[in-house]
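A.B. asks: What follows is protein12.txt, compact mmCIF, C-alpha atoms.
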```txt
# COMPACT_ATOMS: atom_id res chain seq x y z
CA MET U 574 84.21 52.46 68.87
CA ALA U 575 84.81 48.71 69.39
CA ARG U 576 82.04 46.68 70.93
CA PRO U 577 82.88 44.67 74.08
CA THR U 578 82.03 41.41 72.33
CA ASP U 579 84.48 41.99 69.46
CA PRO U 580 87.72 40.05 69.82
CA ALA U 581 89.86 42.88 68.35
CA PRO U 582 93.25 41.63 69.58
CA GLU U 583 95.00 44.45 67.75
CA ALA U 584 92.96 47.22 69.45
CA PRO U 585 95.03 49.11 72.04
CA ASP U 586 94.15 48.70 75.68
CA PRO U 587 92.44 51.93 76.93
CA ASP U 588 94.62 51.90 80.05
CA ASP U 589 97.76 51.67 77.95
CA ALA U 590 96.51 54.51 75.75
CA ASP U 591 95.90 56.68 78.81
CA ASP U 592 99.32 55.89 80.21
CA ALA U 593 100.93 56.74 76.90
CA ALA U 594 99.06 60.02 76.73
CA LEU U 595 100.22 60.95 80.20
CA ARG U 596 103.89 60.28 79.58
CA TRP U 597 106.55 62.41 77.99
CA ALA U 598 109.35 61.04 75.87
CA GLY U 599 112.43 60.67 77.99
CA ASP U 600 110.58 60.21 81.26
CA GLU U 601 112.18 56.84 81.83
CA GLU U 602 115.67 58.28 81.54
CA GLN U 603 114.78 60.90 84.13
CA GLY U 604 113.31 58.37 86.53
CA ARG U 605 109.75 59.53 85.98
CA ALA U 606 108.23 56.49 84.33
CA ARG U 607 104.90 56.92 86.10
CA PRO U 608 102.00 58.77 84.50
CA ARG U 609 102.24 62.52 85.17
CA LEU U 610 98.62 62.78 86.28
CA ALA U 611 97.25 60.56 88.99
CA ALA U 612 94.05 58.69 88.22
CA SER U 613 92.49 59.15 91.65
CA GLY U 614 92.31 62.35 93.64
CA GLY U 615 93.42 60.71 96.87
CA ASP U 616 96.81 59.67 95.53
CA GLU U 617 97.36 62.84 93.58
CA SER U 618 99.11 64.82 96.28
CA VAL U 619 101.33 61.88 97.22
CA LEU U 620 102.23 61.19 93.61
CA SER U 621 102.87 64.80 92.83
CA SER U 622 105.06 65.23 95.89
CA LEU U 623 107.03 62.12 94.99
CA GLU U 624 107.23 63.18 91.40
CA GLY U 625 108.44 66.64 92.30
CA ALA U 626 111.15 65.40 94.62
CA GLY U 627 113.79 65.33 91.90
CA ASP U 628 112.70 68.73 90.62
CA ASP U 629 112.96 70.18 94.10
CA GLU U 630 116.56 69.05 94.34
CA ASP U 631 117.33 70.70 91.02
CA ASP U 632 115.48 73.84 92.05
CA ASP U 633 117.32 73.92 95.37
CA GLU U 634 120.62 73.71 93.54
CA GLN U 635 119.57 76.56 91.27
CA ARG U 636 118.15 78.64 94.07
CA ALA U 637 121.08 78.23 96.45
CA PRO U 638 123.29 80.95 94.93
CA ARG U 639 120.28 83.24 94.61
CA ASP U 640 119.37 82.70 98.27
CA VAL U 641 122.93 83.40 99.34
CA ALA U 642 122.95 86.60 97.28
CA GLY U 643 119.60 87.65 98.72
CA ALA U 644 120.75 86.96 102.28
CA THR U 645 124.02 88.82 101.70
CA ALA U 646 122.15 91.81 100.31
CA ALA U 647 119.75 91.74 103.24
CA ILE U 648 122.60 91.70 105.77
CA LEU U 649 124.60 94.47 104.08
CA PHE U 650 121.59 96.70 103.52
CA GLY U 651 120.34 95.84 107.01
CA ILE U 652 123.50 97.35 108.48
CA ALA U 653 123.08 100.42 106.27
CA TYR U 654 119.43 100.80 107.26
CA LEU U 655 120.38 100.44 110.92
CA ALA U 656 122.78 103.34 110.41
CA LEU U 657 119.98 105.30 108.73
CA THR U 658 117.70 104.67 111.70
CA VAL U 659 120.35 105.84 114.18
CA GLY U 660 120.98 108.85 111.97
CA TRP U 661 117.31 109.79 111.97
CA ILE U 662 117.06 109.38 115.76
CA TYR U 663 119.87 111.91 116.08
CA SER U 664 118.39 114.07 113.33
CA VAL U 665 115.03 114.60 115.00
CA GLN U 666 116.83 115.75 118.14
CA LEU U 667 118.56 118.43 116.10
CA MET U 668 115.33 119.75 114.62
CA SER U 669 112.66 121.78 116.35
CA ALA U 670 109.04 122.43 115.46
CA PRO U 671 108.71 125.48 113.21
CA SER U 672 105.54 126.60 115.00
CA THR U 673 104.47 126.94 118.61
CA ASN U 674 100.87 126.04 117.79
CA VAL U 675 99.77 122.92 119.66
CA VAL U 676 98.29 121.26 116.60
CA ALA U 677 101.34 122.05 114.52
CA GLU U 678 103.53 120.73 117.32
CA VAL U 679 101.62 117.44 117.42
CA VAL U 680 101.82 117.11 113.62
CA TRP U 681 105.54 117.87 113.73
CA GLN U 682 106.15 115.27 116.45
CA PHE U 683 104.23 112.70 114.40
CA GLY U 684 106.33 113.59 111.37
CA GLU U 685 109.53 113.15 113.37
CA PHE U 686 108.35 109.78 114.65
CA THR U 687 107.54 108.56 111.15
CA ALA U 688 110.93 109.78 109.94
CA MET U 689 112.61 107.70 112.64
CA VAL U 690 110.71 104.54 111.74
CA ALA U 691 110.98 105.13 107.98
CA ALA U 692 114.19 103.13 107.50
CA PRO U 693 113.17 99.97 109.41
CA LEU U 694 109.71 100.06 107.85
CA TRP U 695 111.15 100.42 104.34
CA PHE U 696 113.54 97.55 105.06
CA ALA U 697 110.77 95.30 106.35
CA ALA U 698 108.50 96.14 103.43
CA VAL U 699 111.21 95.36 100.89
CA MET U 700 112.02 92.09 102.63
CA ALA U 701 108.36 91.08 102.67
CA LEU U 702 107.49 92.09 99.13
CA THR U 703 110.56 90.92 97.21
CA ARG U 704 110.92 87.35 98.40
CA GLY U 705 112.90 85.30 95.91
CA ARG U 706 113.65 88.33 93.68
CA VAL U 707 117.15 89.47 94.53
CA GLY U 708 117.42 92.05 91.76
CA ARG U 709 114.27 93.88 92.76
CA ARG U 710 115.26 93.65 96.42
CA VAL U 711 118.61 95.31 95.79
CA ILE U 712 117.01 98.03 93.64
CA TRP U 713 114.40 98.90 96.28
CA PHE U 714 117.01 98.82 99.04
CA ALA U 715 119.15 101.24 97.03
CA ILE U 716 116.19 103.56 96.39
CA GLY U 717 115.45 103.58 100.12
CA LEU U 718 119.06 104.44 100.92
CA ALA U 719 118.89 107.40 98.55
CA VAL U 720 115.53 108.65 99.81
CA LEU U 721 116.08 108.23 103.54
CA VAL U 722 119.43 109.96 103.95
CA PRO U 723 119.35 111.69 107.37
CA TRP U 724 120.43 115.09 106.09
CA PRO U 725 120.06 117.00 109.38
CA VAL U 726 122.69 114.93 111.16
CA ILE U 727 124.94 114.81 108.09
CA LEU U 728 124.83 118.59 107.78
CA GLU U 729 125.54 118.87 111.49
CA LEU U 730 128.58 116.62 111.11
CA ILE U 731 129.78 118.56 108.07
CA GLY U 732 129.67 121.72 110.00
CA MET S 1258 112.51 77.52 100.14
CA THR S 1259 108.87 77.15 100.95
CA THR S 1260 107.97 80.74 101.73
CA PRO S 1261 107.78 82.18 98.20
CA ASP S 1262 106.07 79.04 96.94
CA LEU S 1263 103.53 79.33 99.72
CA GLU S 1264 102.96 82.96 98.86
CA GLU S 1265 102.43 82.07 95.21
CA GLN S 1266 100.05 79.25 96.03
CA THR S 1267 97.88 81.19 98.41
CA GLY S 1268 98.17 84.45 96.47
CA PRO S 1269 97.28 87.88 97.71
CA VAL S 1270 93.82 88.48 99.05
CA PRO S 1271 92.65 91.63 97.24
CA VAL S 1272 91.34 94.29 99.54
CA GLY S 1273 87.65 95.15 99.43
CA ARG S 1274 86.51 98.31 97.72
CA VAL S 1275 85.34 99.98 100.94
CA THR S 1276 88.55 99.12 102.74
CA ALA S 1277 90.59 100.42 99.83
CA TRP S 1278 88.73 103.74 99.89
CA VAL S 1279 89.04 104.06 103.68
CA LEU S 1280 92.78 103.44 103.49
CA ALA S 1281 93.15 105.88 100.62
CA ILE S 1282 91.27 108.63 102.46
CA VAL S 1283 92.98 108.08 105.82
CA PHE S 1284 96.43 108.19 104.24
CA ALA S 1285 95.46 111.16 102.09
CA VAL S 1286 94.79 113.06 105.32
CA LEU S 1287 98.08 111.88 106.82
CA PHE S 1288 99.99 112.82 103.66
CA ALA S 1289 98.45 116.28 103.83
CA ALA S 1290 100.71 117.20 106.77
CA PRO S 1291 104.07 116.99 104.94
CA LEU S 1292 102.44 118.48 101.85
CA PHE S 1293 101.13 121.43 103.87
CA GLN S 1294 104.57 121.92 105.43
CA ALA S 1295 106.24 121.85 102.03
CA VAL S 1296 103.74 124.29 100.51
CA SER S 1297 104.18 126.60 103.50
CA ASP S 1298 107.95 126.58 102.97
CA LEU S 1299 107.50 127.20 99.25
CA ILE S 1300 105.40 130.27 99.98
CA ALA S 1301 107.26 131.64 103.00
CA TYR S 1302 110.89 130.89 102.18
CA PRO S 1303 111.28 133.25 99.21
CA GLN S 1304 109.94 136.10 101.35
CA TYR S 1305 112.84 135.64 103.76
CA VAL S 1306 115.73 134.86 101.45
CA GLY S 1307 114.70 136.52 98.21
CA GLY S 1308 116.73 135.60 95.18
CA ARG S 1309 118.75 132.93 96.94
CA THR S 1310 115.73 130.65 97.23
CA PRO S 1311 116.59 127.00 96.43
CA TRP S 1312 113.56 126.59 94.22
CA TRP S 1313 114.39 123.07 93.07
CA LEU S 1314 114.51 121.84 96.65
CA LEU S 1315 111.25 123.51 97.64
CA ILE S 1316 109.48 122.20 94.55
CA LEU S 1317 110.83 118.69 95.14
CA ALA S 1318 109.58 118.88 98.72
CA VAL S 1319 106.11 119.78 97.44
CA LEU S 1320 106.12 117.00 94.84
CA ALA S 1321 107.38 114.26 97.18
CA PRO S 1322 104.23 113.63 99.27
CA PRO S 1323 101.76 113.28 96.36
CA VAL S 1324 104.24 111.20 94.36
CA LEU S 1325 104.87 108.85 97.28
CA TYR S 1326 101.13 108.66 97.99
CA ALA S 1327 100.42 107.74 94.38
CA ALA S 1328 103.26 105.21 94.40
CA GLY S 1329 101.86 103.60 97.54
CA LEU S 1330 98.42 103.33 95.96
CA LEU S 1331 99.81 101.91 92.71
CA LEU S 1332 102.11 99.39 94.36
CA GLY S 1333 99.32 98.34 96.70
CA ARG S 1334 96.89 97.48 93.93
CA GLY S 1335 95.75 93.86 94.12
CA ARG S 1336 97.40 93.33 97.51
CA SER S 1337 95.91 92.63 100.90
CA ALA S 1338 94.79 95.41 103.23
CA VAL S 1339 97.81 94.83 105.47
CA LEU S 1340 100.32 95.11 102.64
CA ARG S 1341 98.52 98.13 101.23
CA THR S 1342 98.69 99.78 104.66
CA VAL S 1343 102.38 98.94 104.95
CA LEU S 1344 103.13 100.40 101.51
CA LEU S 1345 101.23 103.60 102.19
CA GLY S 1346 102.84 103.78 105.64
CA VAL S 1347 106.31 103.47 104.12
CA GLY S 1348 105.43 106.23 101.69
CA LEU S 1349 104.17 108.44 104.50
CA CYS S 1350 107.32 107.88 106.56
CA ALA S 1351 109.49 108.63 103.54
CA ALA S 1352 107.48 111.78 102.78
CA ASN S 1353 107.95 113.07 106.32
CA ALA S 1354 111.66 112.20 106.26
CA LEU S 1355 112.06 114.07 102.97
CA THR S 1356 110.18 117.07 104.35
CA ILE S 1357 112.44 117.26 107.40
CA SER S 1358 115.47 116.80 105.15
CA GLY S 1359 114.25 119.66 102.99
CA ILE S 1360 113.83 121.93 106.00
CA ALA S 1361 117.37 121.08 107.10
CA LEU S 1362 118.89 121.41 103.63
CA ALA S 1363 117.28 124.69 102.61
CA PRO S 1364 119.38 126.99 104.86
CA PHE S 1365 122.50 125.00 104.04
CA LEU S 1366 121.97 125.58 100.32
CA LEU S 1367 121.76 129.32 100.86
CA GLY S 1368 125.47 129.37 101.54
```
Turn the structure described in the file into structure tokens.
C.D. replies:
Amino acid sequence: MARPTDPAPEAPDPDDADDAALRWAGDEEQGRARPRLAASGGDESVLSSLEGAGDDEDDDEQRAPRDVAGATAAILFGIAYLALTVGWIYSVQLMSAPSTNVVAEVVWQFGEFTAMVAAPLWFAAVMALTRGRVGRRVIWFAIGLAVLVPWPVILELIG
Amino acid sequence: MTTPDLEEQTGPVPVGRVTAWVLAIVFAVLFAAPLFQAVSDLIAYPQYVGGRTPWWLLILAVLAPPVLYAAGLLLGRGRSAVLRTVLLGVGLCAANALTISGIALAPFLLG
């Protein structure tokens, strides 16, 4: 380690060494000539937000088609799930409790209610849990469509 | 898009052990209703229709509630109490819908 009294003109400046360590080759070409890590905590958030501005634009450009696909899937499956909900509302009117027992009747009514809200609840859960993942969203929407088919009303329509 | 980033930054708040057990037990009781219905059909249906019993449908109806309950528990691992409740609730709703569908389909499959 060099002593402070040594002239040492050839010794690198510690600040320059830090700056060099915090840069990546090619930063200047990408407009990111500043050190990647801020020295003080107070400026860190400002620097990082400024630094990430260019990245955000790139990310937005990359995410745009994915967002459109996700929104399109949500709209199309939303219509299908609305149809499922209407189908289940009609379905529960076609069914009757298999038992006249009061407890069994209450349990049956609860089951019918949950069947009616199954489609919107599945839709909301998929929307909430698959943000930003279009593939998974479509898969879970499709599974819900297969599981929640309102067979009573379909069989009634068939004959 | 800030929403997914925000979700990733904050992260899920794992549910406490007691809350997890309470949710599991409450939903186990609620899942028992469609399971009981399906088991009742599995036992009673063959007595009425004999050899024409749609066994695959009755067995699927019995398997659906425990499978959906287990799926809700597995998918809810490491998530908040609200999300865990939503997942188990979705499973319960689907189990009841499948049970009603099975009841409607069984006579139709007899021909």
A.B. asks: Give as a list of chain:residue names every residue, naming chains and numbers as the document does, that has an atom within 10 Å of (113.3, 117.0, 105.0), counting only C-alpha atoms.
C.D. replies: U:Glu685, U:Ala688, U:Leu721, U:Val722, U:Pro723, U:Trp724, U:Pro725, S:Pro1291, S:Ala1295, S:Leu1314, S:Ala1318, S:Ala1351, S:Ala1352, S:Asn1353, S:Ala1354, S:Leu1355, S:Thr1356, S:Ile1357, S:Ser1358, S:Gly1359, S:Ile1360, S:Ala1361, S:Leu1362, S:Ala1363
A.B. asks: Taking only C-alpha atoms into account, find every residue of chain U that has an atom no more than 10 Å from chain S, and write it out as number ranges by chain.
C.D. replies: U: 629, 632-633, 636-637, 640, 661, 664-665, 667-668, 671, 677, 680-681, 683-699, 701-706, 717, 720-729, 732
A.B. asks: Measure the distance from CA of Ala1281 in chain S to CA of Val1319 in chain S in Å and round it to one decimal.
C.D. replies: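 These two atoms are separated by 19.3 Å.
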A.B. asks: Using all atoms listed in the file, which residues sit within 10 Å of Trp1312 in chain S once same-chain residues fewer than 2 positions away are excluded, as an MDAnalysis selection string?
C.D. replies: chainID S and resid 1299 1302:1303 1308:1310 1314:1318 1363
A.B. asks: Work out how far apart CA of Leu1330 in chain S and CA of Leu1345 in chain S are and give it in Å to one decimal.
C.D. replies: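 Separation between CA of Leu1330 in chain S and CA of Leu1345 in chain S: 6.8 Å.
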A.B. asks: Kindly give the distance, in Å, that separates CA of Val707 in chain U and CA of Arg639 in chain U, rounded to a single decimal.
C.D. replies: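 Computing the Euclidean distance for CA of Val707 in chain U and CA of Arg639 in chain U yields 7.0 Å.
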A.B. asks: Which residue is closest to Val1279 in chain S? Choose from S:Ala1338, S:Leu1292, S:Val1324, S:Leu1367 and count all atoms listed in the file.
C.D. replies: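 Closest to Val1279 in chain S, using all atoms listed in the file: S:Ala1338.
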A.B. asks: Model the absent atoms of range 669-698 of chain U so that N, CA and C atoms are present, and write the result as a PDB file, keeping the file's coordinate frame.
C.D. replies:
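This went into result.pdb:
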```
ATOM      1  N   SER U 669     113.704 121.319 115.436  1.00  0.00           N
ATOM      2  CA  SER U 669     112.660 121.780 116.350  1.00  0.00           C
ATOM      3  C   SER U 669     111.441 122.167 115.522  1.00  0.00           C
ATOM      4  N   ALA U 670     110.290 122.117 116.163  1.00  0.00           N
ATOM      5  CA  ALA U 670     109.040 122.430 115.460  1.00  0.00           C
ATOM      6  C   ALA U 670     109.061 123.874 114.977  1.00  0.00           C
ATOM      7  N   PRO U 671     108.675 124.112 113.734  1.00  0.00           N
ATOM      8  CA  PRO U 671     108.710 125.480 113.210  1.00  0.00           C
ATOM      9  C   PRO U 671     107.624 126.374 113.787  1.00  0.00           C
ATOM     10  N   SER U 672     106.645 125.794 114.465  1.00  0.00           N
ATOM     11  CA  SER U 672     105.540 126.600 115.000  1.00  0.00           C
ATOM     12  C   SER U 672     105.314 126.239 116.460  1.00  0.00           C
ATOM     13  N   THR U 673     104.796 127.194 117.201  1.00  0.00           N
ATOM     14  CA  THR U 673     104.470 126.940 118.610  1.00  0.00           C
ATOM     15  C   THR U 673     103.021 126.529 118.801  1.00  0.00           C
ATOM     16  N   ASN U 674     102.264 126.494 117.723  1.00  0.00           N
ATOM     17  CA  ASN U 674     100.870 126.040 117.790  1.00  0.00           C
ATOM     18  C   ASN U 674     100.822 124.586 118.240  1.00  0.00           C
ATOM     19  N   VAL U 675      99.855 124.269 119.098  1.00  0.00           N
ATOM     20  CA  VAL U 675      99.770 122.920 119.660  1.00  0.00           C
ATOM     21  C   VAL U 675      99.522 121.893 118.565  1.00  0.00           C
ATOM     22  N   VAL U 676      98.593 122.200 117.679  1.00  0.00           N
ATOM     23  CA  VAL U 676      98.290 121.260 116.600  1.00  0.00           C
ATOM     24  C   VAL U 676      99.500 121.066 115.702  1.00  0.00           C
ATOM     25  N   ALA U 677     100.148 122.154 115.358  1.00  0.00           N
ATOM     26  CA  ALA U 677     101.340 122.050 114.520  1.00  0.00           C
ATOM     27  C   ALA U 677     102.442 121.282 115.230  1.00  0.00           C
ATOM     28  N   GLU U 678     102.528 121.467 116.544  1.00  0.00           N
ATOM     29  CA  GLU U 678     103.530 120.730 117.320  1.00  0.00           C
ATOM     30  C   GLU U 678     103.265 119.225 117.292  1.00  0.00           C
ATOM     31  N   VAL U 679     101.989 118.858 117.447  1.00  0.00           N
ATOM     32  CA  VAL U 679     101.620 117.440 117.420  1.00  0.00           C
ATOM     33  C   VAL U 679     101.921 116.848 116.041  1.00  0.00           C
ATOM     34  N   VAL U 680     101.556 117.578 114.995  1.00  0.00           N
ATOM     35  CA  VAL U 680     101.820 117.110 113.620  1.00  0.00           C
ATOM     36  C   VAL U 680     103.318 116.970 113.396  1.00  0.00           C
ATOM     37  N   TRP U 681     104.082 117.928 113.901  1.00  0.00           N
ATOM     38  CA  TRP U 681     105.540 117.870 113.730  1.00  0.00           C
ATOM     39  C   TRP U 681     106.128 116.652 114.464  1.00  0.00           C
ATOM     40  N   GLN U 682     105.641 116.427 115.691  1.00  0.00           N
ATOM     41  CA  GLN U 682     106.150 115.270 116.450  1.00  0.00           C
ATOM     42  C   GLN U 682     105.813 113.957 115.728  1.00  0.00           C
ATOM     43  N   PHE U 683     104.609 113.901 115.150  1.00  0.00           N
ATOM     44  CA  PHE U 683     104.230 112.700 114.400  1.00  0.00           C
ATOM     45  C   PHE U 683     105.145 112.536 113.180  1.00  0.00           C
ATOM     46  N   GLY U 684     105.432 113.639 112.513  1.00  0.00           N
ATOM     47  CA  GLY U 684     106.330 113.590 111.370  1.00  0.00           C
ATOM     48  C   GLY U 684     107.725 113.118 111.763  1.00  0.00           C
ATOM     49  N   GLU U 685     108.207 113.593 112.902  1.00  0.00           N
ATOM     50  CA  GLU U 685     109.530 113.150 113.370  1.00  0.00           C
ATOM     51  C   GLU U 685     109.518 111.659 113.706  1.00  0.00           C
ATOM     52  N   PHE U 686     108.438 111.208 114.317  1.00  0.00           N
ATOM     53  CA  PHE U 686     108.350 109.780 114.650  1.00  0.00           C
ATOM     54  C   PHE U 686     108.361 108.932 113.376  1.00  0.00           C
ATOM     55  N   THR U 687     107.579 109.344 112.392  1.00  0.00           N
ATOM     56  CA  THR U 687     107.540 108.560 111.150  1.00  0.00           C
ATOM     57  C   THR U 687     108.892 108.594 110.437  1.00  0.00           C
ATOM     58  N   ALA U 688     109.599 109.725 110.551  1.00  0.00           N
ATOM     59  CA  ALA U 688     110.930 109.780 109.940  1.00  0.00           C
ATOM     60  C   ALA U 688     111.879 108.801 110.613  1.00  0.00           C
ATOM     61  N   MET U 689     111.735 108.644 111.927  1.00  0.00           N
ATOM     62  CA  MET U 689     112.610 107.700 112.640  1.00  0.00           C
ATOM     63  C   MET U 689     112.319 106.259 112.260  1.00  0.00           C
ATOM     64  N   VAL U 690     111.049 105.932 112.051  1.00  0.00           N
ATOM     65  CA  VAL U 690     110.710 104.540 111.740  1.00  0.00           C
ATOM     66  C   VAL U 690     110.712 104.270 110.229  1.00  0.00           C
ATOM     67  N   ALA U 691     111.039 105.297 109.436  1.00  0.00           N
ATOM     68  CA  ALA U 691     110.980 105.130 107.980  1.00  0.00           C
ATOM     69  C   ALA U 691     111.946 104.038 107.501  1.00  0.00           C
ATOM     70  N   ALA U 692     113.179 104.090 107.985  1.00  0.00           N
ATOM     71  CA  ALA U 692     114.190 103.130 107.500  1.00  0.00           C
ATOM     72  C   ALA U 692     113.831 101.688 107.855  1.00  0.00           C
ATOM     73  N   PRO U 693     113.531 101.375 109.133  1.00  0.00           N
ATOM     74  CA  PRO U 693     113.170  99.970 109.410  1.00  0.00           C
ATOM     75  C   PRO U 693     111.893  99.525 108.711  1.00  0.00           C
ATOM     76  N   LEU U 694     110.949 100.440 108.546  1.00  0.00           N
ATOM     77  CA  LEU U 694     109.710 100.060 107.850  1.00  0.00           C
ATOM     78  C   LEU U 694     109.968  99.793 106.370  1.00  0.00           C
ATOM     79  N   TRP U 695     110.800 100.638 105.758  1.00  0.00           N
ATOM     80  CA  TRP U 695     111.150 100.420 104.340  1.00  0.00           C
ATOM     81  C   TRP U 695     111.859  99.069 104.194  1.00  0.00           C
ATOM     82  N   PHE U 696     112.794  98.803 105.111  1.00  0.00           N
ATOM     83  CA  PHE U 696     113.540  97.550 105.060  1.00  0.00           C
ATOM     84  C   PHE U 696     112.590  96.350 105.182  1.00  0.00           C
ATOM     85  N   ALA U 697     111.700  96.413 106.145  1.00  0.00           N
ATOM     86  CA  ALA U 697     110.770  95.300 106.350  1.00  0.00           C
ATOM     87  C   ALA U 697     109.849  95.123 105.144  1.00  0.00           C
ATOM     88  N   ALA U 698     109.389  96.231 104.586  1.00  0.00           N
ATOM     89  CA  ALA U 698     108.500  96.140 103.430  1.00  0.00           C
ATOM     90  C   ALA U 698     109.210  95.518 102.233  1.00  0.00           C
TER      91      ALA U 698
END
```
